[in-house]
Amino acid sequence: MKILVCISKAPDTTSKIAFTDNNTAFDKNGVQFIINPYDEWYALVRGLELKEANGGSVTILNVGGADNDPTIRKALAIGADDAVRINMEPTDALGVAKQIADYAKENTFDMVLCGKETIDYNGSQVGGMVAAFLDQPFISNASKLDMAGNTATVERDIQGGKEIVQVDTPFVLSAAKGMAEARIPNMRGIMAARTKPLNVVEPSAFENTTEIASYELPPAKGACKMVSADNPAELLNLLRNEAKII
Amino acid sequence: MSILVYANTAKNKVHKSAFEAVSYGAQIAEKSGDSVTAVVVGNADDLDTLGKYGADKVIHVTNDKLNDFQPTLIAQAIQQAAEENNASIIVFSHDLSGKSVAPILAAKMNAGIVTGAVDLPQMDGDFIVKKAVFSGKAYAHVKVTTATKIISLTPNALEKKEYNKTASVEDKAYELGDSRLKVVEQKIQSTDLPLTEAELVVSAGRGLKGPENWGMIEDLAKALGAATACSRPVSDMDWRPHHEHVGQTGVAIRPNLYIAIGISGAIQHLAGVNQSKVIVAINTDPEAPFFKAADYGIVGDAFEVVPKLVVAAKAMN
């Protein structure tokens with residue numbers, strides 16, 4: 001079973017978010033980058049579990065510059081077999097998806113896994129786009145994935161509930177909570193990751209469809225208005241007459 | 001030209017988020033002078049209500065292949081409707097359906113897409129859409145450079161506007177491909193409104209000490225007409241169902257009111273709720289980080305405060 005896991009690099013959840021260049025660029029200064037948690041905890045780890053149970057390989061794919069290599073090595077340390085970095089600064093989800101799909105077309109995989117969204121741009125876009133470019137079924141927000149031969153049984157979140165679906169390989173899936181538990185790389189994994197193949201591929205031509213014109217920080221929150229625990233009814237009064245929301 | 005809106009349905013009714021999306025499309029059309037066409041897939045017996053929020057026309061796609069949720073086929077149907085109606089902008093709700101279908105359509109049409117919009121687009125000169133990024137800690141203004149544009153709207157981000165139009169309904173049996181995806185079983189929750197669309201949410205955390213203490217949370221939610229939610233530890237310990245878990249790994253919500261009871265306010269939790277319009281924190285610990293993110297706070301024991309709130313909320317109604 002050949003599994004491709006797409007990972008994105010994202011600022012650690014606790015990072016302070018700031019912008020530079022007149023609010024047109026994210027300030028990376030002092031920011032710790034991690035593998036996007038949904039890609040790592042759910043897509044990658046479930047991919048590894050399926051490989052361990054059924055044999056095959058897990059390839060990591062990342063679209064980004066050479067500064068992403070430490071993040072990619074971490075995915076290798078967790079247990080992936082090899083990695084590919086498409087050498088392009090990602091600026092547009094459609095462009096990223098095009099690169100992933102072009103690579104997947106040339107190197108045929110049984111499944112392409114990614115997280116449900118990234119915690120930086122919160123787009124939820126790349127998985128569906130890759131599926132469309134590959135003309136493969138897309139299962140989004142999957143919380144369980146089991147394989148029997150070439151048939152996957154998947155639990156996915158849908159509007160108002162969950163659904164069990166079945167689909168034969170190949171397919172594209174975006175992973176959400178429930179798929180797997182995070183794995184911490186051990187020393188052996190970290191050592192092995194140093195020598196695992198990380199191939200750098202040049203991007204194919206693509207014209208961007210979107211660009212970020214500027215960023216904005218939300219206005220600072222005013223002080224929290226405290227209400228006495230002896231008179232909680234006052235809270236409802238404020239919510240109705242001051243905030244006007246109930 | 002026209003603005004096309006994908007109007008999601010559930011249980012034979014047009015979904016609340018679909019009305020928001022249609023109203024959003026109609027507000028864009030007011031500026032651009034276009035007409036608004038809503039596309040509905042599957043059955044709904046209240047299609048005429050789409051006119052209320054601004055649809056001029058409703059395309060009802062009647063292909064049986066769409067009885068199950070088939071994102072690829074829905075995208076095919078919307079693409080045909082978009083081409084037939086010369087759509088320049090296609091609007092989705094950024095709910096679970098929109099998150100699945102909109103990116104497929106964007107790739108098929110090579111259309112620039114912005115997901116999770118929180119405001120109307122700027123259309124003087126460049127076409128720019130504002131969306132939340134970095135898990136609600138910032139906004140990005142995204143310029144779309146293609147002729148066809150796709151926007152998905154964050155549920156509960158904008159007030160719905162009423163237009164009270166009378167929408168004509170056209171049945172269309174578009175030709176669709178075959179899907180290899182088969183739905184085996186559906187587990188629909190009993191709650192009517194998904195958490196992402198609730199306007200008021202009462203949420204509780206580990207401070208409640210055990211699942212047996214949720215009665216007062218449910219009572220408060222009921223008295224306010226709110227949905228219930230919980231923090232990650234609570235769902236991990238199975239005190240509450242997983243779909244109630246809000247936060248970074250659970251669902252991100254944007255209600256008008258979020259009441260957090262016995263939740264300390266870890267950054268991962270705040271990432272899922274920081275877009276709420278008004279936040280109330282109730283906690284015994286005056287140093288709880290939630291008070292920094294909250295608009296209103298009560299330092300006190302949930303077991304004393306919440307029952308009093310229930311009484312007051314009932315008296316208010």
# chains A, B, ... in the order shown; residues from 1 in each chain; ligands from 1

call {"tool": "interface_residues", "arguments": {"of": "chain A", "to": "chain B", "cutoff": "6 Å", "atoms": "only C-alpha atoms", "output": "compact mmCIF listing (two decimals) with C-alpha atoms, in the first residue's frame"}}
result
# COMPACT_ATOMS: atom_id res chain seq x y z
CA ILE A 119 -3.85 26.12 11.82
CA ASP A 120 -2.33 29.15 10.07
CA TYR A 121 -4.49 29.87 7.02
CA ASN A 122 -7.45 27.71 8.15
CA GLY A 123 -8.43 27.10 4.54
CA GLN A 125 -8.90 23.63 0.71
CA GLY A 128 -10.50 18.65 -2.02
CA MET A 129 -8.48 20.38 -4.72
CA ALA A 132 -10.40 17.20 -8.07
CA SER A 140 -13.34 15.15 4.12
CA ILE A 158 -21.10 15.54 7.85
CA GLN A 159 -23.50 18.38 8.54
CA GLY A 160 -25.37 17.34 11.68
CA GLY A 161 -23.72 13.98 12.30
CA LYS A 162 -21.43 11.25 11.08
CA GLU A 163 -21.52 8.87 8.18
CA ILE A 164 -19.79 5.59 7.36
CA VAL A 165 -18.70 5.44 3.73
CA GLN A 166 -16.82 2.88 1.66
CA VAL A 167 -14.50 3.61 -1.18
CA THR A 209 -5.47 32.67 -8.30
CA THR A 210 -5.32 34.51 -4.97
CA GLU A 211 -2.83 36.56 -3.00
CA ILE A 212 -2.86 38.01 0.49
CA ALA A 213 -3.11 41.78 0.19
CA SER A 214 -2.68 42.47 3.91
CA TYR A 215 -3.15 41.18 7.42
CA GLU A 216 -4.89 42.72 10.38
CA LEU A 217 -4.86 41.98 14.09
CA PRO A 218 -8.22 42.08 15.85
CA CYS A 224 -13.35 41.88 31.39
CA LYS A 225 -16.30 43.32 33.28
CA MET A 226 -16.65 41.42 36.55
CA VAL A 227 -20.01 40.55 38.04
CA ALA A 229 -20.96 35.80 42.28
CA PRO A 232 -25.41 36.34 38.83
CA ALA A 233 -28.74 37.71 37.57

call {"tool": "residues_around", "arguments": {"residues": "Asp110 of chain A", "least_positions_apart": "5", "cutoff": "12 Å", "atoms": "only C-alpha atoms", "output": "list in words"}}
result
Met1, Lys2, Ile3, Leu4, Val5, Gly47, Leu50, Lys51, Gly56, Ser57, Val58, Thr59, Ala104, Lys105, Leu134, Gln136, Pro137, Met147, Gly149, Asn150, Thr151, Ala152, Val167, Asp168, Thr169, Pro170, Phe171, Val172 and Leu173 of chain A

call {"tool": "select_by_dssp", "arguments": {"residues": "segment 44-109 of chain A", "states": "strand (DSSP E)", "output": "PDB file with N, CA, C and O atoms, in the first residue's frame"}}
result
ATOM      1  N   SER A  57       4.356   1.659   2.036  1.00  0.00           N
ATOM      2  CA  SER A  57       5.264   2.760   2.342  1.00  0.00           C
ATOM      3  C   SER A  57       4.476   4.037   2.605  1.00  0.00           C
ATOM      4  O   SER A  57       3.360   4.200   2.119  1.00  0.00           O
ATOM      5  N   VAL A  58       5.084   4.906   3.393  1.00  0.00           N
ATOM      6  CA  VAL A  58       4.501   6.229   3.633  1.00  0.00           C
ATOM      7  C   VAL A  58       5.498   7.279   3.160  1.00  0.00           C
ATOM      8  O   VAL A  58       6.632   7.335   3.643  1.00  0.00           O
ATOM      9  N   THR A  59       5.066   8.075   2.185  1.00  0.00           N
ATOM     10  CA  THR A  59       5.899   9.160   1.671  1.00  0.00           C
ATOM     11  C   THR A  59       5.336  10.482   2.150  1.00  0.00           C
ATOM     12  O   THR A  59       4.124  10.700   2.112  1.00  0.00           O
ATOM     13  N   ILE A  60       6.222  11.346   2.620  1.00  0.00           N
ATOM     14  CA  ILE A  60       5.818  12.687   3.056  1.00  0.00           C
ATOM     15  C   ILE A  60       5.962  13.648   1.885  1.00  0.00           C
ATOM     16  O   ILE A  60       6.955  13.604   1.169  1.00  0.00           O
ATOM     17  N   LEU A  61       4.985  14.515   1.711  1.00  0.00           N
ATOM     18  CA  LEU A  61       5.131  15.556   0.692  1.00  0.00           C
ATOM     19  C   LEU A  61       4.895  16.917   1.331  1.00  0.00           C
ATOM     20  O   LEU A  61       3.929  17.107   2.076  1.00  0.00           O
ATOM     21  N   ASN A  62       5.793  17.832   1.055  1.00  0.00           N
ATOM     22  CA  ASN A  62       5.625  19.202   1.544  1.00  0.00           C
ATOM     23  C   ASN A  62       5.946  20.158   0.398  1.00  0.00           C
ATOM     24  O   ASN A  62       6.845  19.904  -0.396  1.00  0.00           O
ATOM     25  N   VAL A  63       5.170  21.223   0.321  1.00  0.00           N
ATOM     26  CA  VAL A  63       5.461  22.267  -0.659  1.00  0.00           C
ATOM     27  C   VAL A  63       6.067  23.427   0.117  1.00  0.00           C
ATOM     28  O   VAL A  63       5.401  23.996   0.994  1.00  0.00           O
ATOM     29  N   GLY A  64       7.317  23.766  -0.162  1.00  0.00           N
ATOM     30  CA  GLY A  64       7.942  24.853   0.583  1.00  0.00           C
ATOM     31  C   GLY A  64       9.420  24.990   0.266  1.00  0.00           C
ATOM     32  O   GLY A  64       9.974  24.237  -0.545  1.00  0.00           O
ATOM     33  N   ASP A  82      10.137   8.018   3.323  1.00  0.00           N
ATOM     34  CA  ASP A  82      10.900   8.996   2.546  1.00  0.00           C
ATOM     35  C   ASP A  82      10.066  10.265   2.401  1.00  0.00           C
ATOM     36  O   ASP A  82       8.901  10.289   2.819  1.00  0.00           O
ATOM     37  N   ALA A  83      10.676  11.293   1.837  1.00  0.00           N
ATOM     38  CA  ALA A  83       9.967  12.569   1.746  1.00  0.00           C
ATOM     39  C   ALA A  83      10.307  13.266   0.442  1.00  0.00           C
ATOM     40  O   ALA A  83      11.366  13.037  -0.150  1.00  0.00           O
ATOM     41  N   VAL A  84       9.377  14.103   0.031  1.00  0.00           N
ATOM     42  CA  VAL A  84       9.564  14.918  -1.169  1.00  0.00           C
ATOM     43  C   VAL A  84       9.226  16.342  -0.787  1.00  0.00           C
ATOM     44  O   VAL A  84       8.217  16.596  -0.128  1.00  0.00           O
ATOM     45  N   ARG A  85      10.093  17.262  -1.166  1.00  0.00           N
ATOM     46  CA  ARG A  85       9.756  18.671  -0.980  1.00  0.00           C
ATOM     47  C   ARG A  85       9.687  19.317  -2.350  1.00  0.00           C
ATOM     48  O   ARG A  85      10.641  19.259  -3.122  1.00  0.00           O
ATOM     49  N   ILE A  86       8.546  19.892  -2.645  1.00  0.00           N
ATOM     50  CA  ILE A  86       8.417  20.628  -3.905  1.00  0.00           C
ATOM     51  C   ILE A  86       8.857  22.051  -3.624  1.00  0.00           C
ATOM     52  O   ILE A  86       8.292  22.733  -2.758  1.00  0.00           O
ATOM     53  N   ASN A  87       9.855  22.443  -4.306  1.00  0.00           N
ATOM     54  CA  ASN A  87      10.619  23.630  -3.954  1.00  0.00           C
ATOM     55  C   ASN A  87       9.916  24.909  -4.398  1.00  0.00           C
ATOM     56  O   ASN A  87      10.248  25.492  -5.434  1.00  0.00           O
TER      57      ASN A  87
END

call {"tool": "atom_distance", "arguments": {"atom1": "atom CA of Arg240 of chain B", "atom2": "atom CA of Pro37 of chain A"}}
result
23.1 Å

call {"tool": "closest_residue", "arguments": {"among": "A:Asp21, A:Asp157, A:Glu40, A:Asp102", "to": "Ile78 of chain A", "atoms": "only C-alpha atoms"}}
result
A:Glu40

call {"tool": "closest_residue", "arguments": {"among": "B:Leu120, B:Ala26, B:Ile89, B:Met109", "to": "Lys161 of chain B", "atoms": "only C-alpha atoms"}}
result
B:Ala26

call {"tool": "select_by_dssp", "arguments": {"residues": "segment 175-263 of chain B", "states": "helix (DSSP H, G or I)", "output": "ChimeraX atom specification"}}
result
/B:195-197,206-208,211-224,232-236,242-244

call {"tool": "residues_around", "arguments": {"residues": "Glu20 of chain B", "least_positions_apart": "4", "cutoff": "7 Å", "atoms": "only C-alpha atoms", "output": "JSON, numbers by chain"}}
result
{"B": [16, 24, 160]}

call {"tool": "atom_distance", "arguments": {"atom1": "atom CA of Arg194 of chain A", "atom2": "atom CA of Asp67 of chain A"}}
result
15.5 Å

call {"tool": "closest_residue", "arguments": {"among": "B:Thr154, B:Ser168, B:Asn317, B:Ser17", "to": "His60 of chain B", "atoms": "only C-alpha atoms"}}
result
B:Ser168

call {"tool": "residues_around", "arguments": {"residues": "Asp171 of chain B", "least_positions_apart": "5", "cutoff": "10 Å", "atoms": "only C-alpha atoms", "output": "list in words"}}
result
Val40, Val58, Ile59, His60, Val61, Thr62 and Asn63 of chain B

call {"tool": "write_last_selection", "arguments": {"atoms": "N, CA and C atoms", "output": "short mmCIF file (atom, residue, chain, number, x, y, z; two decimals), in the first residue's frame"}}
result
data_model
loop_
_atom_site.label_atom_id
_atom_site.label_comp_id
_atom_site.auth_asym_id
_atom_site.auth_seq_id
_atom_site.Cartn_x
_atom_site.Cartn_y
_atom_site.Cartn_z
N VAL B 40 -29.95 24.20 -5.15
CA VAL B 40 -30.28 23.26 -4.07
C VAL B 40 -30.17 21.85 -4.62
N VAL B 58 -34.28 29.78 -8.02
CA VAL B 58 -33.75 28.60 -7.35
C VAL B 58 -33.60 27.48 -8.38
N ILE B 59 -32.43 26.92 -8.48
CA ILE B 59 -32.24 25.74 -9.32
C ILE B 59 -32.24 24.53 -8.41
N HIS B 60 -33.20 23.66 -8.65
CA HIS B 60 -33.35 22.48 -7.82
C HIS B 60 -32.83 21.29 -8.62
N VAL B 61 -31.69 20.75 -8.20
CA VAL B 61 -31.07 19.66 -8.95
C VAL B 61 -31.67 18.35 -8.47
N THR B 62 -32.27 17.62 -9.41
CA THR B 62 -33.11 16.48 -9.02
C THR B 62 -32.48 15.12 -9.32
N ASN B 63 -31.20 15.08 -9.58
CA ASN B 63 -30.56 13.81 -9.91
C ASN B 63 -30.48 12.89 -8.67
#
